[in-house]
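Below is one structure, written out as structure tokens; comments come after it.
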Amino acid sequence: MQEKIIILDFGSQTTQLIGRRVRELNMYCEIVPYNKFPKDDPSVIGVILSGSPFSVYDEKAFKTDLSEIRGRLPLLGICYGAQYMSYTNGGTVEPAGSREYGRAKLEKIDHTDPLMAGIADGSQVWMSHGDTITSLPEGFNVIASTDKVRIAAYRAADEKLWGVQFHPEVFHSECGTQLLRNFVVDICGGKQDWSAASFIETTVAQLKQQLGDDKVVLGLSGGVDSSVAAVLLNKAIGRNLTCIFVDHGMLRKNEFRDVLRDYECLGLNVIGVDASAEFFKELEGVTDPERKRKIIGKGFIDVFDREAHKIHDVKWLAQGTIYPDCIESLSITGMVIKSHHNVGGLPEKMNLKLCEPLRLLFKDEVRAVGRELGMPEHLIKRHPFPGPGLAVRILGDITPEKVRILQDADDIFISGLREWGLYDKVWQAGVILLPVQSVGVMGDERTYERAVALRAVTSTDAMTADWAHLPYEFLAKVSNDIINRVRGVNRVCYDISSKPPSTIEWE
Ligand code: XMP
């Protein structure tokens with residue numbers, strides 16, 4: 001049985017980060033809504049309570065009954081989680097005089113406490129809270145302070161219950177990993193046996209059992225998630241898996257051909273469908289970005305449905321949905337930041353059961369699983385690419401000629417990034433075709449041609465991003481190459497906006 005830590009999510013922006021940090025300790029964990037503790041699951045060995053956007057005394061504050069957990073499993077409350085456990089046991093929590101935000105140094109550490117083992121006085125931690133615990137319930141003791149926060153960490157005497165008002169999951173908390181290791185390994189007794197190899201072994205066995213001899217279809221996009229899902233399923237059920245890769249005409253230059261070849265080399269049973277003509281027809285004259293997305297989404301479903309019906313007796317639809325997609329779709333505060341980009345709507349329409357073998361993995365773990373499965377690095381390290389592809393990078397209406405121009409310019413930029421060793425340093429990159437023409441001069445001739453913008457960003461999750469500070473020499477070379485080699489372009493700009501307030505894509 002795979003032992004696990006449960007993280008009760010009270011809606012903090014950093015809940016996912018807690019999950020990542022625990023997984024980095026090779027300890028399996030799951031994030032569940034604050035009121036959905038799986039009380040009958042014997043594999044749970046400890047519980048972490050996350051932070052929250054609310055104050056414990058807010059009417060809207062998320063409340064949960066911990067009586068089933070207390071005394072049975074070790075508990076660690078972080079920020080709101082710490083305040084909640086203190087407040088509900090008779091402690092007081094009040095608005096902090098000045099918002100306690102930013103770096104602070106731990107002092108007066110109780111070095112005999114197992115949560116604080118190996119953490120030195122003066123260790124930097126990250127604070128971010130508007131409330132503070134002003135008095136603890138009876139039997140709770142302070143185990144660390146900072147200059148502004150007397151109760152930075154506490155423990156309930158004779159009970160495995162701790163609270164920290166700082167955020168150990170945040171990078172700026174130097175001792176954060178040590179503290180989480182102390183909790184997960186020493187206090188909860190975690191064996192740290194979670195790895196890509198162990199995930200593959202258990203998932204393949206589960207898939208074999210779940211799917212038996214059933215037939216499964218999977219939509220491949222060329223991206224990491226769907227590709228890893230396909231290879232994993234292929235390992236479990238072999239030829240009973242049929243993958244469908246649709247070319248909607250908005251892919252990168254030669255991408256359809258190259259990716260299909262990669263998939264065939266991986267031994268996948270894959271059908272490539274060139275439906276670009278249909279998509280071009282549907283998209284003709286459409287300029288509104290959301291209309292473009294809708295047309296492509298619907299067209300994709302139609303083509304996929306048609307192809308899947310050619311396979312006899314399919315029972316399952318497999319998808320490469322990953323953990324952040326699930327957590328974001330479940331957002332308990334109702335603030336969904338990014339909508340789910342997968343092929344929503346398909347299972348209902350086709351009457352298929354859904355199989356999502358990667359739904360509990362983070363992106364870096366998906367990559368680790370891909371590597372362990374022996375997939376080539378260039379597939380694993382591929383930049384994210386939007387489902388509607390170049391359609392949302394051509395501002396205004398779409399024509400085959402514009403797609404050709406953009407594909408050529410994009411190819412020069414992306415190949416350049418690879419040649420200069422910069423590809424792996426950026427999260428994602430691409431070229432945008434602008435709906436402007438500008439005057440230029442080539443030889444003795446005046447030109448009046450298109451402008452393109454280069455976009456390259458650094459990020460860890462696409463929710464925030466910074467423009468990549470690419471070397472000027474590189475930008476100069478790419479600009480020259482594009483203007484000299486791509487007919488129809490005479491001007492190149494570099495997008496230096498960060499997200500927020502901009503977004504990564506222009507549409
Ligand atoms: P934005 O532009 O919102 O993009 O900063 C965040 C990430 O999502 C990708 N993206 C999409 N992916 N369908 C997708 O599958 C879409 O409609 C879509 N729009 C944006 C974008 O490339 C970036 O990685």
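Ligands are numbered from 1 in the order shown, chains are lettered A, B, ... in the order of the structure tokens, and residues start at 1 in each chain.
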> Within 8 Å of ligand 1, counting only C-alpha atoms and all ligand atoms, which protein or nucleic acid residues do you find, written as a list in words?
Replying inline: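 If we count only C-alpha atoms and all ligand atoms, the neighbours of ligand 1 turn out to be Arg293, Lys338, His341, Asn342, Pro384, Phe385, Pro386, Gly387, Pro388, Gly389, Val392, Gln428, Ala462, Met463, Thr464, Ala465, Lys499, Ser502, Thr503, Ile504, Glu505, Trp506 and Glu507 of chain A.
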>> Set the distance at 12 Å and use only C-alpha atoms: which residues neighbour Gly130 of chain A once local chain neighbours fewer than 2 positions away are removed? I'd like the list as a list in words.
In response: Gly51, Ser52, Pro53, Phe54, Ser55, Val56, Cys79, Tyr80, Gln83, Val93, Glu94, Pro95, Ala96, Gly97, Ser98, Arg99, Glu100, Tyr101, Gly102, Met127, Ser128, Thr132, Ile133, Val149, Gln165 and Phe166 of chain A
Contact residues around Gly396 of chain A with only C-alpha atoms at 8 Å, ignoring same-chain residues under 5 positions, as an mmCIF file with C-alpha atoms, in the first residue's frame:
```
data_model
loop_
_atom_site.group_PDB
_atom_site.id
_atom_site.type_symbol
_atom_site.label_atom_id
_atom_site.label_comp_id
_atom_site.auth_asym_id
_atom_site.auth_seq_id
_atom_site.Cartn_x
_atom_site.Cartn_y
_atom_site.Cartn_z
ATOM 1 C CA VAL A 286 -12.785 34.790 -38.099
ATOM 2 C CA THR A 287 -10.892 37.386 -36.054
ATOM 3 C CA ASP A 288 -12.278 37.048 -32.519
ATOM 4 C CA PRO A 435 -1.860 42.616 -37.941
#
```
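Non-sequential neighbours of Trp316 of chain A (distance at most 7 Å, separation of 5 or more positions within a chain, only C-alpha atoms) are Lys215, Val216, Val217, Leu352, Lys353, Leu354 and Cys355 of chain A.
Look at Arg450 of chain A: the protein and nucleic acid residues within 6 Å of it, using only C-alpha atoms and passing over chain neighbours fewer than 5 places away, are Val436, Gln437, Gly488 and Val489 of chain A.
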Just to be explicit: take each residue in the selection above, keep N, CA and C atoms, and write the result as a PDB file, in the first residue's frame.
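As a result, part27.pdb now contains:
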```pdb
ATOM      1  N   VAL A 436      -0.154  44.206 -38.534  1.00  0.00           N
ATOM      2  CA  VAL A 436       0.333  45.513 -39.008  1.00  0.00           C
ATOM      3  C   VAL A 436       1.359  45.301 -40.105  1.00  0.00           C
ATOM      4  N   GLN A 437       1.380  46.257 -41.000  1.00  0.00           N
ATOM      5  CA  GLN A 437       2.447  46.260 -41.994  1.00  0.00           C
ATOM      6  C   GLN A 437       3.238  47.541 -41.786  1.00  0.00           C
ATOM      7  N   GLY A 488       7.814  38.255 -46.759  1.00  0.00           N
ATOM      8  CA  GLY A 488       6.590  38.858 -46.213  1.00  0.00           C
ATOM      9  C   GLY A 488       6.793  39.511 -44.853  1.00  0.00           C
ATOM     10  N   VAL A 489       8.010  39.361 -44.266  1.00  0.00           N
ATOM     11  CA  VAL A 489       8.265  39.991 -42.960  1.00  0.00           C
ATOM     12  C   VAL A 489       9.434  40.973 -43.100  1.00  0.00           C
TER      13      VAL A 489
END
```
> Taking only C-alpha atoms into account, which of A:Asp147, A:Val170, A:Lys39, A:Asp58 comes nearest Arg21 of chain A?
Replying inline: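 The answer is A:Val170, which sits nearest to Arg21 of chain A.
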> Using only C-alpha atoms, which residue out of A:Leu360, A:Cys175, A:Ile295, A:Leu241 lies closest to Asp313 of chain A?
Replying inline: A:Leu241
> Would you give me, as a list in words, the residues in segment 121-209 of chain A that DSSP reads as helix (DSSP H, G or I)?
Replying inline: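 Put together, the selection reads Gly176, Thr177, Gln178, Leu179, Leu180, Arg181, Asn182, Phe183, Val184, Val185, Asp186, Ile187, Ala196, Ala197, Ser198, Phe199, Ile200, Glu201, Thr202, Thr203, Val204, Ala205, Gln206, Leu207, Lys208 and Gln209 of chain A.
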Grab the residues selected above and save them as an mmCIF file, in the first residue's frame with N, CA, C and O atoms.
```
data_model
loop_
_atom_site.group_PDB
_atom_site.id
_atom_site.type_symbol
_atom_site.label_atom_id
_atom_site.label_comp_id
_atom_site.auth_asym_id
_atom_site.auth_seq_id
_atom_site.Cartn_x
_atom_site.Cartn_y
_atom_site.Cartn_z
ATOM 1 N N GLY A 176 12.739 25.366 5.355
ATOM 2 C CA GLY A 176 11.430 24.793 5.044
ATOM 3 C C GLY A 176 11.480 23.303 4.735
ATOM 4 O O GLY A 176 10.687 22.509 5.248
ATOM 5 N N THR A 177 12.447 22.902 3.906
ATOM 6 C CA THR A 177 12.531 21.491 3.521
ATOM 7 C C THR A 177 12.861 20.639 4.742
ATOM 8 O O THR A 177 12.296 19.563 4.936
ATOM 9 N N GLN A 178 13.794 21.167 5.574
ATOM 10 C CA GLN A 178 14.179 20.430 6.784
ATOM 11 C C GLN A 178 12.958 20.236 7.696
ATOM 12 O O GLN A 178 12.701 19.149 8.209
ATOM 13 N N LEU A 179 12.174 21.313 7.843
ATOM 14 C CA LEU A 179 11.007 21.236 8.723
ATOM 15 C C LEU A 179 9.980 20.231 8.179
ATOM 16 O O LEU A 179 9.449 19.396 8.919
ATOM 17 N N LEU A 180 9.766 20.280 6.867
ATOM 18 C CA LEU A 180 8.794 19.337 6.294
ATOM 19 C C LEU A 180 9.314 17.898 6.390
ATOM 20 O O LEU A 180 8.557 16.968 6.637
ATOM 21 N N ARG A 181 10.640 17.744 6.206
ATOM 22 C CA ARG A 181 11.222 16.389 6.349
ATOM 23 C C ARG A 181 11.040 15.905 7.790
ATOM 24 O O ARG A 181 10.664 14.753 8.026
ATOM 25 N N ASN A 182 11.302 16.809 8.748
ATOM 26 C CA ASN A 182 11.128 16.429 10.154
ATOM 27 C C ASN A 182 9.713 15.917 10.388
ATOM 28 O O ASN A 182 9.504 14.917 11.070
ATOM 29 N N PHE A 183 8.743 16.631 9.795
ATOM 30 C CA PHE A 183 7.350 16.229 10.021
ATOM 31 C C PHE A 183 7.031 14.910 9.306
ATOM 32 O O PHE A 183 6.581 13.935 9.923
ATOM 33 N N VAL A 184 7.330 14.898 8.026
ATOM 34 C CA VAL A 184 6.893 13.777 7.184
ATOM 35 C C VAL A 184 7.655 12.484 7.507
ATOM 36 O O VAL A 184 7.068 11.409 7.589
ATOM 37 N N VAL A 185 8.957 12.609 7.689
ATOM 38 C CA VAL A 185 9.781 11.409 7.867
ATOM 39 C C VAL A 185 9.901 11.033 9.351
ATOM 40 O O VAL A 185 9.556 9.914 9.739
ATOM 41 N N ASP A 186 10.367 11.986 10.166
ATOM 42 C CA ASP A 186 10.650 11.616 11.561
ATOM 43 C C ASP A 186 9.372 11.506 12.388
ATOM 44 O O ASP A 186 9.239 10.594 13.200
ATOM 45 N N ILE A 187 8.457 12.439 12.192
ATOM 46 C CA ILE A 187 7.255 12.430 13.031
ATOM 47 C C ILE A 187 6.207 11.452 12.482
ATOM 48 O O ILE A 187 5.656 10.631 13.216
ATOM 49 N N ALA A 196 9.540 7.962 -9.571
ATOM 50 C CA ALA A 196 8.948 7.751 -10.897
ATOM 51 C C ALA A 196 8.807 6.245 -11.153
ATOM 52 O O ALA A 196 7.779 5.771 -11.645
ATOM 53 N N ALA A 197 9.845 5.479 -10.774
ATOM 54 C CA ALA A 197 9.810 4.029 -11.039
ATOM 55 C C ALA A 197 8.682 3.365 -10.250
ATOM 56 O O ALA A 197 7.944 2.519 -10.799
ATOM 57 N N SER A 198 8.503 3.771 -8.980
ATOM 58 C CA SER A 198 7.446 3.132 -8.192
ATOM 59 C C SER A 198 6.075 3.547 -8.723
ATOM 60 O O SER A 198 5.136 2.764 -8.754
ATOM 61 N N PHE A 199 5.967 4.804 -9.199
ATOM 62 C CA PHE A 199 4.705 5.258 -9.780
ATOM 63 C C PHE A 199 4.359 4.404 -11.013
ATOM 64 O O PHE A 199 3.226 3.943 -11.181
ATOM 65 N N ILE A 200 5.359 4.181 -11.869
ATOM 66 C CA ILE A 200 5.103 3.425 -13.099
ATOM 67 C C ILE A 200 4.653 2.005 -12.747
ATOM 68 O O ILE A 200 3.658 1.495 -13.278
ATOM 69 N N GLU A 201 5.361 1.411 -11.822
ATOM 70 C CA GLU A 201 5.035 0.023 -11.457
ATOM 71 C C GLU A 201 3.592 -0.100 -10.934
ATOM 72 O O GLU A 201 2.816 -0.916 -11.427
ATOM 73 N N THR A 202 3.236 0.776 -9.988
ATOM 74 C CA THR A 202 1.873 0.646 -9.429
ATOM 75 C C THR A 202 0.819 1.069 -10.444
ATOM 76 O O THR A 202 -0.239 0.443 -10.543
ATOM 77 N N THR A 203 1.115 2.122 -11.235
ATOM 78 C CA THR A 203 0.090 2.592 -12.177
ATOM 79 C C THR A 203 -0.152 1.576 -13.292
ATOM 80 O O THR A 203 -1.303 1.340 -13.685
ATOM 81 N N VAL A 204 0.918 0.977 -13.788
ATOM 82 C CA VAL A 204 0.735 -0.019 -14.855
ATOM 83 C C VAL A 204 -0.113 -1.182 -14.329
ATOM 84 O O VAL A 204 -1.041 -1.653 -15.007
ATOM 85 N N ALA A 205 0.166 -1.608 -13.101
ATOM 86 C CA ALA A 205 -0.627 -2.720 -12.525
ATOM 87 C C ALA A 205 -2.099 -2.310 -12.377
ATOM 88 O O ALA A 205 -3.006 -3.064 -12.737
ATOM 89 N N GLN A 206 -2.315 -1.059 -11.892
ATOM 90 C CA GLN A 206 -3.706 -0.588 -11.734
ATOM 91 C C GLN A 206 -4.414 -0.485 -13.081
ATOM 92 O O GLN A 206 -5.583 -0.845 -13.216
ATOM 93 N N LEU A 207 -3.695 0.027 -14.088
ATOM 94 C CA LEU A 207 -4.317 0.188 -15.411
ATOM 95 C C LEU A 207 -4.711 -1.167 -15.997
ATOM 96 O O LEU A 207 -5.776 -1.322 -16.582
ATOM 97 N N LYS A 208 -3.832 -2.151 -15.803
ATOM 98 C CA LYS A 208 -4.131 -3.500 -16.321
ATOM 99 C C LYS A 208 -5.411 -4.014 -15.697
ATOM 100 O O LYS A 208 -6.270 -4.595 -16.364
ATOM 101 N N GLN A 209 -5.526 -3.779 -14.403
ATOM 102 C CA GLN A 209 -6.697 -4.267 -13.695
ATOM 103 C C GLN A 209 -7.959 -3.496 -14.090
ATOM 104 O O GLN A 209 -9.006 -4.064 -14.364
#
```
> Near Glu3 of chain A, counting only C-alpha atoms, which residues have an atom at most 8 Å away, once you skip same-chain residues fewer than 3 positions from it, shown as a PyMOL selection string?
Replying inline: chain A and resi 28+43-45+190
>> Given only C-alpha atoms as the basis, pick out the residue of A:Ala104, A:Leu49, A:Leu136, A:Leu211 nearest to Ser173 of chain A.
In response: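 Closest residue, counting only C-alpha atoms: A:Ala104.
Nearest residue to Pro357 of chain A among A:Arg485, A:Tyr323, A:Lys36, A:Glu174 is A:Tyr323, counting only C-alpha atoms.
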> In segment 293-459 of chain A, what's strand (DSSP E or B) per DSSP? Answer as a PyMOL selection string?
Replying inline: chain A and resi 314-318+353-355+394+428-442+445-458
Please produce an output containing N, CA and C atoms for each residue in the selection, written as an mmCIF file, in the first residue's frame.
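The result, written out as part32.cif:
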```
data_model
loop_
_atom_site.group_PDB
_atom_site.id
_atom_site.type_symbol
_atom_site.label_atom_id
_atom_site.label_comp_id
_atom_site.auth_asym_id
_atom_site.auth_seq_id
_atom_site.Cartn_x
_atom_site.Cartn_y
_atom_site.Cartn_z
ATOM 1 N N VAL A 314 -14.861 0.752 -28.619
ATOM 2 C CA VAL A 314 -14.017 1.492 -27.675
ATOM 3 C C VAL A 314 -14.810 1.762 -26.404
ATOM 4 N N LYS A 315 -14.155 1.591 -25.250
ATOM 5 C CA LYS A 315 -14.866 1.811 -23.980
ATOM 6 C C LYS A 315 -14.343 3.017 -23.190
ATOM 7 N N TRP A 316 -13.063 3.370 -23.440
ATOM 8 C CA TRP A 316 -12.432 4.389 -22.593
ATOM 9 C C TRP A 316 -11.813 5.512 -23.425
ATOM 10 N N LEU A 317 -11.869 6.705 -22.851
ATOM 11 C CA LEU A 317 -11.107 7.824 -23.391
ATOM 12 C C LEU A 317 -10.008 8.144 -22.385
ATOM 13 N N ALA A 318 -8.746 8.119 -22.833
ATOM 14 C CA ALA A 318 -7.640 8.455 -21.926
ATOM 15 C C ALA A 318 -7.190 9.889 -22.200
ATOM 16 N N LYS A 353 -15.895 6.026 -20.832
ATOM 17 C CA LYS A 353 -15.407 6.223 -19.464
ATOM 18 C C LYS A 353 -14.045 6.936 -19.545
ATOM 19 N N LEU A 354 -13.728 7.698 -18.521
ATOM 20 C CA LEU A 354 -12.522 8.515 -18.556
ATOM 21 C C LEU A 354 -11.372 7.851 -17.793
ATOM 22 N N CYS A 355 -10.191 7.848 -18.424
ATOM 23 C CA CYS A 355 -9.004 7.267 -17.776
ATOM 24 C C CYS A 355 -7.908 8.339 -17.782
ATOM 25 N N ILE A 394 -1.756 34.298 -34.516
ATOM 26 C CA ILE A 394 -1.968 35.138 -35.696
ATOM 27 C C ILE A 394 -3.069 36.107 -35.299
ATOM 28 N N GLN A 428 8.785 28.763 -22.360
ATOM 29 C CA GLN A 428 8.067 28.610 -23.613
ATOM 30 C C GLN A 428 8.405 29.788 -24.493
ATOM 31 N N ALA A 429 8.396 29.552 -25.819
ATOM 32 C CA ALA A 429 8.742 30.614 -26.750
ATOM 33 C C ALA A 429 7.967 30.441 -28.042
ATOM 34 N N GLY A 430 7.803 31.532 -28.757
ATOM 35 C CA GLY A 430 7.110 31.449 -30.039
ATOM 36 C C GLY A 430 7.095 32.814 -30.695
ATOM 37 N N VAL A 431 6.567 32.844 -31.914
ATOM 38 C CA VAL A 431 6.498 34.099 -32.657
ATOM 39 C C VAL A 431 5.027 34.451 -32.857
ATOM 40 N N ILE A 432 4.728 35.738 -32.832
ATOM 41 C CA ILE A 432 3.350 36.200 -33.042
ATOM 42 C C ILE A 432 3.329 37.028 -34.320
ATOM 43 N N LEU A 433 2.346 36.739 -35.161
ATOM 44 C CA LEU A 433 2.220 37.501 -36.403
ATOM 45 C C LEU A 433 1.261 38.658 -36.154
ATOM 46 N N LEU A 434 1.775 39.880 -36.308
ATOM 47 C CA LEU A 434 0.971 41.060 -35.957
ATOM 48 C C LEU A 434 0.131 41.541 -37.141
ATOM 49 N N PRO A 435 -0.997 42.149 -36.844
ATOM 50 C CA PRO A 435 -1.860 42.616 -37.941
ATOM 51 C C PRO A 435 -1.446 44.013 -38.413
ATOM 52 N N VAL A 436 -0.154 44.206 -38.534
ATOM 53 C CA VAL A 436 0.333 45.513 -39.008
ATOM 54 C C VAL A 436 1.359 45.301 -40.105
ATOM 55 N N GLN A 437 1.380 46.257 -41.000
ATOM 56 C CA GLN A 437 2.447 46.260 -41.994
ATOM 57 C C GLN A 437 3.238 47.541 -41.786
ATOM 58 N N SER A 438 4.505 47.468 -42.087
ATOM 59 C CA SER A 438 5.304 48.684 -41.870
ATOM 60 C C SER A 438 6.267 48.853 -43.037
ATOM 61 N N VAL A 439 6.790 50.052 -43.137
ATOM 62 C CA VAL A 439 7.685 50.360 -44.255
ATOM 63 C C VAL A 439 9.106 49.907 -43.930
ATOM 64 N N GLY A 440 9.769 49.369 -44.945
ATOM 65 C CA GLY A 440 11.169 48.992 -44.766
ATOM 66 C C GLY A 440 11.904 49.244 -46.073
ATOM 67 N N VAL A 441 13.194 48.928 -46.068
ATOM 68 C CA VAL A 441 13.936 49.052 -47.329
ATOM 69 C C VAL A 441 14.824 47.834 -47.475
ATOM 70 N N MET A 442 14.737 47.218 -48.675
ATOM 71 C CA MET A 442 15.573 46.046 -48.937
ATOM 72 C C MET A 442 16.260 46.271 -50.263
ATOM 73 N N GLU A 445 14.899 48.807 -52.802
ATOM 74 C CA GLU A 445 13.441 48.834 -52.871
ATOM 75 C C GLU A 445 12.780 49.150 -51.558
ATOM 76 N N ARG A 446 11.717 49.890 -51.630
ATOM 77 C CA ARG A 446 10.887 50.160 -50.455
ATOM 78 C C ARG A 446 9.987 48.938 -50.260
ATOM 79 N N THR A 447 9.882 48.463 -49.011
ATOM 80 C CA THR A 447 8.975 47.335 -48.767
ATOM 81 C C THR A 447 7.851 47.799 -47.846
ATOM 82 N N TYR A 448 6.767 47.072 -47.894
ATOM 83 C CA TYR A 448 5.633 47.368 -47.023
ATOM 84 C C TYR A 448 5.110 46.002 -46.584
ATOM 85 N N GLU A 449 5.694 45.484 -45.510
ATOM 86 C CA GLU A 449 5.422 44.088 -45.152
ATOM 87 C C GLU A 449 5.056 43.943 -43.691
ATOM 88 N N ARG A 450 4.969 42.686 -43.265
ATOM 89 C CA ARG A 450 4.438 42.409 -41.925
ATOM 90 C C ARG A 450 5.486 42.548 -40.819
ATOM 91 N N ALA A 451 4.962 42.768 -39.609
ATOM 92 C CA ALA A 451 5.821 42.769 -38.416
ATOM 93 C C ALA A 451 5.497 41.517 -37.600
ATOM 94 N N VAL A 452 6.525 40.929 -36.995
ATOM 95 C CA VAL A 452 6.292 39.811 -36.066
ATOM 96 C C VAL A 452 6.880 40.185 -34.708
ATOM 97 N N ALA A 453 6.345 39.569 -33.663
ATOM 98 C CA ALA A 453 6.907 39.760 -32.323
ATOM 99 C C ALA A 453 7.438 38.419 -31.830
ATOM 100 N N LEU A 454 8.603 38.452 -31.217
ATOM 101 C CA LEU A 454 9.140 37.243 -30.585
ATOM 102 C C LEU A 454 8.682 37.263 -29.134
ATOM 103 N N ARG A 455 8.308 36.086 -28.619
ATOM 104 C CA ARG A 455 7.894 36.006 -27.210
ATOM 105 C C ARG A 455 8.650 34.837 -26.576
ATOM 106 N N ALA A 456 9.349 35.080 -25.494
ATOM 107 C CA ALA A 456 10.006 33.995 -24.751
ATOM 108 C C ALA A 456 9.865 34.345 -23.278
ATOM 109 N N VAL A 457 9.427 33.395 -22.481
ATOM 110 C CA VAL A 457 9.216 33.688 -21.059
ATOM 111 C C VAL A 457 9.870 32.636 -20.167
ATOM 112 N N THR A 458 10.166 33.062 -18.953
ATOM 113 C CA THR A 458 10.579 32.115 -17.923
ATOM 114 C C THR A 458 9.405 31.983 -16.959
#
```
